[in-house]
Amino acid sequence: MLPTLTRGRRIAAAASSLTLAATLLGGATAPVFAHGEATPVSSHSQAEMLQPDPTSPTAYEFGETLATLEGEELEITFLAEIIPHHRAAIEMSQLELERGVSPDIRTHAENIIANQQHQIDQFTRWLEEWYGLTPEEAMAQAPAEAQEEMKILEEETQMMIEELSAVEAGEDFDVAFVQKMIPHHQSGIIEFLEPQSRAVHPQLRVAATAGITTQQAQVADFRTWLAGRG
């Protein structure tokens, strides 16, 4: 059992992590819809219709879980989640290159593929070098609570990709891609917070900082572009 002071510090860390996440993400959230429930379409303003999808509550829960972990366990659990998270972003971005028409959004998609594939390669190599684990083995070694949250995040991400895959090529696809990539990036930012400040390996702290910076900039650009569609 952990000493009381350590447990208290971990609880405080989780609260601090959520507060910082809310600050980084702008403190505002989109309306939450049930899984599979489409954003209602009406004759109201186009700007109202073009809000990004909501950030998954499970992403915040996973951020809280990471805040309770230390050292090797923190690094392994984070890496087990961020690798498939990045793979999903690449899959969505490849769809944008196949179906999107906006030069700006297509350029962002190309950058996402390049940046996140680079981090996937880094993270996969570090898992092997530091802990002798594949990403799948790392996930199996994560705490039970984290495994359950990662399973939910994977299911939500697959649903997001399926919904995006159903959108026809054209500007409507650009809009749908941006609406889904914003919350996907926001989830990634939440996941990066703990390793940014508390990872054992300094190179992982640097990579987490780079991940936050890159995704924040893209979210800002995506929000500006989306607002211009109204």
# chains A, B, ... in the order shown; residues from 1 in each chain; ligands from 1

$ residues_around --residues "A:Ala208" --least-positions-apart "2" --cutoff "10 Å" --atoms "only C-alpha atoms" --output "mmCIF file with N, CA and C atoms, in the first residue's frame"
data_model
loop_
_atom_site.group_PDB
_atom_site.id
_atom_site.type_symbol
_atom_site.label_atom_id
_atom_site.label_comp_id
_atom_site.auth_asym_id
_atom_site.auth_seq_id
_atom_site.Cartn_x
_atom_site.Cartn_y
_atom_site.Cartn_z
ATOM 1 N N GLN A 119 6.725 9.783 -34.390
ATOM 2 C CA GLN A 119 6.611 9.468 -32.972
ATOM 3 C C GLN A 119 6.287 7.998 -32.738
ATOM 4 N N GLY A 188 -5.179 13.420 -27.355
ATOM 5 C CA GLY A 188 -3.736 13.216 -27.349
ATOM 6 C C GLY A 188 -3.026 14.188 -26.424
ATOM 7 N N ILE A 189 -3.458 15.446 -26.424
ATOM 8 C CA ILE A 189 -2.859 16.444 -25.538
ATOM 9 C C ILE A 189 -3.024 16.018 -24.077
ATOM 10 N N GLU A 191 -3.330 13.024 -22.927
ATOM 11 C CA GLU A 191 -2.466 11.873 -22.660
ATOM 12 C C GLU A 191 -1.001 12.274 -22.507
ATOM 13 N N PHE A 192 -0.594 13.337 -23.191
ATOM 14 C CA PHE A 192 0.800 13.773 -23.137
ATOM 15 C C PHE A 192 1.164 14.513 -21.843
ATOM 16 N N LEU A 193 0.186 15.007 -21.103
ATOM 17 C CA LEU A 193 0.478 15.898 -19.981
ATOM 18 C C LEU A 193 1.371 15.275 -18.909
ATOM 19 N N GLU A 194 1.036 14.068 -18.473
ATOM 20 C CA GLU A 194 1.815 13.449 -17.390
ATOM 21 C C GLU A 194 3.240 13.090 -17.821
ATOM 22 N N PRO A 195 3.437 12.414 -18.951
ATOM 23 C CA PRO A 195 4.819 12.126 -19.350
ATOM 24 C C PRO A 195 5.623 13.382 -19.649
ATOM 25 N N GLN A 196 4.955 14.462 -20.058
ATOM 26 C CA GLN A 196 5.681 15.698 -20.303
ATOM 27 C C GLN A 196 6.409 16.165 -19.045
ATOM 28 N N SER A 197 5.780 16.014 -17.912
ATOM 29 C CA SER A 197 6.364 16.530 -16.671
ATOM 30 C C SER A 197 7.020 15.466 -15.803
ATOM 31 N N ALA A 199 7.860 11.851 -16.886
ATOM 32 C CA ALA A 199 8.491 10.666 -17.464
ATOM 33 C C ALA A 199 9.909 10.521 -16.928
ATOM 34 N N PRO A 202 14.318 11.592 -20.141
ATOM 35 C CA PRO A 202 14.177 12.976 -20.621
ATOM 36 C C PRO A 202 13.739 13.063 -22.075
ATOM 37 N N GLN A 203 14.154 12.102 -22.911
ATOM 38 C CA GLN A 203 13.754 12.160 -24.315
ATOM 39 C C GLN A 203 12.254 11.962 -24.479
ATOM 40 N N LEU A 204 11.617 11.231 -23.569
ATOM 41 C CA LEU A 204 10.174 11.086 -23.625
ATOM 42 C C LEU A 204 9.490 12.374 -23.183
ATOM 43 N N ARG A 205 10.070 13.058 -22.197
ATOM 44 C CA ARG A 205 9.504 14.351 -21.789
ATOM 45 C C ARG A 205 9.570 15.345 -22.947
ATOM 46 N N VAL A 206 10.684 15.339 -23.686
ATOM 47 C CA VAL A 206 10.831 16.238 -24.830
ATOM 48 C C VAL A 206 9.815 15.883 -25.921
ATOM 49 N N ALA A 210 6.742 18.157 -27.501
ATOM 50 C CA ALA A 210 6.584 18.384 -28.940
ATOM 51 C C ALA A 210 5.199 17.957 -29.415
ATOM 52 N N GLY A 211 4.698 16.835 -28.873
ATOM 53 C CA GLY A 211 3.369 16.370 -29.247
ATOM 54 C C GLY A 211 2.288 17.353 -28.853
ATOM 55 N N ILE A 212 2.408 17.918 -27.655
ATOM 56 C CA ILE A 212 1.429 18.901 -27.194
ATOM 57 C C ILE A 212 1.480 20.151 -28.076
ATOM 58 N N THR A 213 2.675 20.664 -28.313
ATOM 59 C CA THR A 213 2.834 21.892 -29.088
ATOM 60 C C THR A 213 2.275 21.754 -30.499
ATOM 61 N N THR A 214 2.614 20.636 -31.154
ATOM 62 C CA THR A 214 2.157 20.411 -32.530
ATOM 63 C C THR A 214 0.647 20.282 -32.604
#

$ residues_around --residues "stretch 121-138 of chain A" --least-positions-apart "4" --cutoff "10 Å" --atoms "only C-alpha atoms" --output "PyMOL selection string"
chain A and resi 72-73+75-84+116-117+142+201+203-204+207

$ write_last_selection --atoms "all heavy atoms" --output "short mmCIF file (atom, residue, chain, number, x, y, z; two decimals), in the first residue's frame"
data_model
loop_
_atom_site.label_atom_id
_atom_site.label_comp_id
_atom_site.auth_asym_id
_atom_site.auth_seq_id
_atom_site.Cartn_x
_atom_site.Cartn_y
_atom_site.Cartn_z
N GLU A 72 8.34 3.59 -14.41
CA GLU A 72 8.19 2.62 -15.49
C GLU A 72 6.73 2.38 -15.83
O GLU A 72 6.37 2.30 -17.01
CB GLU A 72 8.85 1.30 -15.07
CG GLU A 72 8.66 0.16 -16.05
CD GLU A 72 9.36 -1.12 -15.60
OE1 GLU A 72 10.32 -1.02 -14.81
OE2 GLU A 72 8.95 -2.20 -16.04
N GLU A 73 5.88 2.29 -14.82
CA GLU A 73 4.47 2.01 -15.07
C GLU A 73 3.81 3.16 -15.84
O GLU A 73 2.99 2.92 -16.74
CB GLU A 73 3.74 1.77 -13.75
CG GLU A 73 2.34 1.20 -13.93
CD GLU A 73 1.70 0.81 -12.61
OE1 GLU A 73 1.84 1.56 -11.62
OE2 GLU A 73 1.06 -0.25 -12.56
N GLU A 75 5.36 5.28 -17.93
CA GLU A 75 5.86 5.30 -19.29
C GLU A 75 5.26 4.18 -20.13
O GLU A 75 4.83 4.41 -21.27
CB GLU A 75 7.39 5.18 -19.28
CG GLU A 75 8.08 6.41 -18.72
CD GLU A 75 9.57 6.43 -18.99
OE1 GLU A 75 10.16 5.35 -19.27
OE2 GLU A 75 10.17 7.53 -18.91
N ILE A 76 5.21 2.97 -19.60
CA ILE A 76 4.69 1.83 -20.36
C ILE A 76 3.22 2.04 -20.68
O ILE A 76 2.78 1.79 -21.81
CB ILE A 76 4.90 0.53 -19.57
CG1 ILE A 76 6.39 0.16 -19.56
CG2 ILE A 76 4.07 -0.62 -20.16
CD1 ILE A 76 6.73 -1.04 -18.70
N THR A 77 2.44 2.51 -19.71
CA THR A 77 1.01 2.70 -19.93
C THR A 77 0.75 3.80 -20.95
O THR A 77 -0.09 3.65 -21.85
CB THR A 77 0.31 3.01 -18.60
OG1 THR A 77 0.57 1.97 -17.66
CG2 THR A 77 -1.19 3.15 -18.79
N PHE A 78 1.47 4.90 -20.83
CA PHE A 78 1.32 5.98 -21.79
C PHE A 78 1.67 5.52 -23.20
O PHE A 78 0.91 5.75 -24.16
CB PHE A 78 2.20 7.17 -21.40
CG PHE A 78 2.43 8.13 -22.54
CD1 PHE A 78 1.42 8.99 -22.95
CD2 PHE A 78 3.64 8.16 -23.21
CE1 PHE A 78 1.60 9.86 -24.02
CE2 PHE A 78 3.84 9.03 -24.27
CZ PHE A 78 2.83 9.89 -24.67
N LEU A 79 2.80 4.87 -23.35
CA LEU A 79 3.24 4.43 -24.67
C LEU A 79 2.29 3.41 -25.27
O LEU A 79 2.06 3.39 -26.49
CB LEU A 79 4.66 3.86 -24.59
CG LEU A 79 5.76 4.90 -24.28
CD1 LEU A 79 7.08 4.20 -23.97
CD2 LEU A 79 5.93 5.88 -25.43
N ALA A 80 1.71 2.56 -24.42
CA ALA A 80 0.75 1.56 -24.91
C ALA A 80 -0.47 2.22 -25.52
O ALA A 80 -1.08 1.69 -26.47
CB ALA A 80 0.32 0.65 -23.76
N GLU A 81 -0.86 3.39 -25.03
CA GLU A 81 -2.05 4.08 -25.54
C GLU A 81 -1.73 5.03 -26.69
O GLU A 81 -2.46 5.08 -27.68
CB GLU A 81 -2.72 4.86 -24.41
CG GLU A 81 -3.74 5.90 -24.86
CD GLU A 81 -4.86 5.35 -25.73
OE1 GLU A 81 -5.14 4.12 -25.66
OE2 GLU A 81 -5.46 6.13 -26.49
N ILE A 82 -0.64 5.77 -26.59
CA ILE A 82 -0.40 6.82 -27.59
C ILE A 82 -0.06 6.24 -28.96
O ILE A 82 -0.35 6.85 -29.99
CB ILE A 82 0.71 7.79 -27.12
CG1 ILE A 82 0.65 9.12 -27.87
CG2 ILE A 82 2.09 7.15 -27.24
CD1 ILE A 82 -0.62 9.93 -27.64
N ILE A 83 0.54 5.06 -29.00
CA ILE A 83 0.90 4.47 -30.30
C ILE A 83 -0.36 4.16 -31.13
O ILE A 83 -0.46 4.62 -32.28
CB ILE A 83 1.80 3.23 -30.12
CG1 ILE A 83 3.19 3.68 -29.63
CG2 ILE A 83 1.91 2.43 -31.42
CD1 ILE A 83 4.11 2.54 -29.22
N PRO A 84 -1.34 3.42 -30.62
CA PRO A 84 -2.56 3.22 -31.42
C PRO A 84 -3.34 4.51 -31.64
O PRO A 84 -4.02 4.66 -32.67
CB PRO A 84 -3.37 2.19 -30.61
CG PRO A 84 -2.80 2.24 -29.23
CD PRO A 84 -1.36 2.60 -29.39
N GLN A 116 3.27 12.09 -36.73
CA GLN A 116 2.84 11.03 -35.84
C GLN A 116 3.47 9.69 -36.19
O GLN A 116 3.70 8.86 -35.31
CB GLN A 116 1.32 10.99 -35.78
CG GLN A 116 0.75 12.32 -35.31
CD GLN A 116 -0.56 12.22 -34.57
OE1 GLN A 116 -1.16 11.18 -34.46
NE2 GLN A 116 -1.02 13.36 -34.07
N GLN A 117 3.80 9.46 -37.47
CA GLN A 117 4.54 8.26 -37.80
C GLN A 117 5.94 8.32 -37.19
O GLN A 117 6.47 7.30 -36.71
CB GLN A 117 4.63 8.08 -39.31
CG GLN A 117 5.30 6.76 -39.72
CD GLN A 117 4.54 5.55 -39.19
OE1 GLN A 117 3.34 5.39 -39.45
NE2 GLN A 117 5.22 4.68 -38.44
N ALA A 142 -0.25 -2.97 -18.66
CA ALA A 142 -0.80 -1.77 -18.02
C ALA A 142 -1.76 -2.15 -16.90
O ALA A 142 -2.33 -3.25 -16.90
CB ALA A 142 -1.50 -0.91 -19.06
N HIS A 201 12.49 9.10 -18.54
CA HIS A 201 13.45 9.37 -19.60
C HIS A 201 13.26 10.78 -20.15
O HIS A 201 12.16 11.14 -20.58
CB HIS A 201 13.28 8.35 -20.73
CG HIS A 201 13.67 6.96 -20.35
ND1 HIS A 201 12.79 6.08 -19.73
CD2 HIS A 201 14.86 6.29 -20.48
CE1 HIS A 201 13.41 4.93 -19.51
NE2 HIS A 201 14.66 5.04 -19.94
N GLN A 203 14.15 12.10 -22.91
CA GLN A 203 13.75 12.16 -24.32
C GLN A 203 12.25 11.96 -24.48
O GLN A 203 11.64 12.50 -25.41
CB GLN A 203 14.53 11.14 -25.17
CG GLN A 203 14.46 9.70 -24.71
CD GLN A 203 15.62 9.31 -23.81
OE1 GLN A 203 15.82 9.94 -22.77
NE2 GLN A 203 16.37 8.30 -24.22
N LEU A 204 11.62 11.23 -23.57
CA LEU A 204 10.17 11.09 -23.63
C LEU A 204 9.49 12.37 -23.18
O LEU A 204 8.46 12.76 -23.74
CB LEU A 204 9.71 9.91 -22.76
CG LEU A 204 8.21 9.61 -22.78
CD1 LEU A 204 7.68 9.45 -24.19
CD2 LEU A 204 7.91 8.35 -21.95
N ALA A 207 9.66 14.59 -26.20
CA ALA A 207 8.72 14.16 -27.23
C ALA A 207 7.28 14.51 -26.86
O ALA A 207 6.48 14.89 -27.72
CB ALA A 207 8.85 12.65 -27.46
#

$ closest_residue --among "A:Leu50, A:Leu66, A:Ala59, A:Ile120" --to "A:Ile152" --atoms "only C-alpha atoms"
A:Ala59

$ closest_residue --among "A:Ser102, A:Gln94, A:Ser56, A:Gln147" --to "A:Met160" --atoms "only C-alpha atoms"
A:Ser56

$ closest_residue --among "A:Pro103, A:Pro183, A:Gly71, A:Gly170" --to "A:Thr58" --atoms "only C-alpha atoms"
A:Pro183

$ closest_residue --among "A:Ala217, A:Ile182, A:Ala146, A:Ala176" --to "A:Gly63" --atoms "only C-alpha atoms"
A:Ala146

$ select_by_dssp --residues "stretch 79-176 of chain A" --states "alpha helix (DSSP H)" --output "PyMOL selection string"
chain A and resi 79-99+103-126+135-141+144-165+171-176
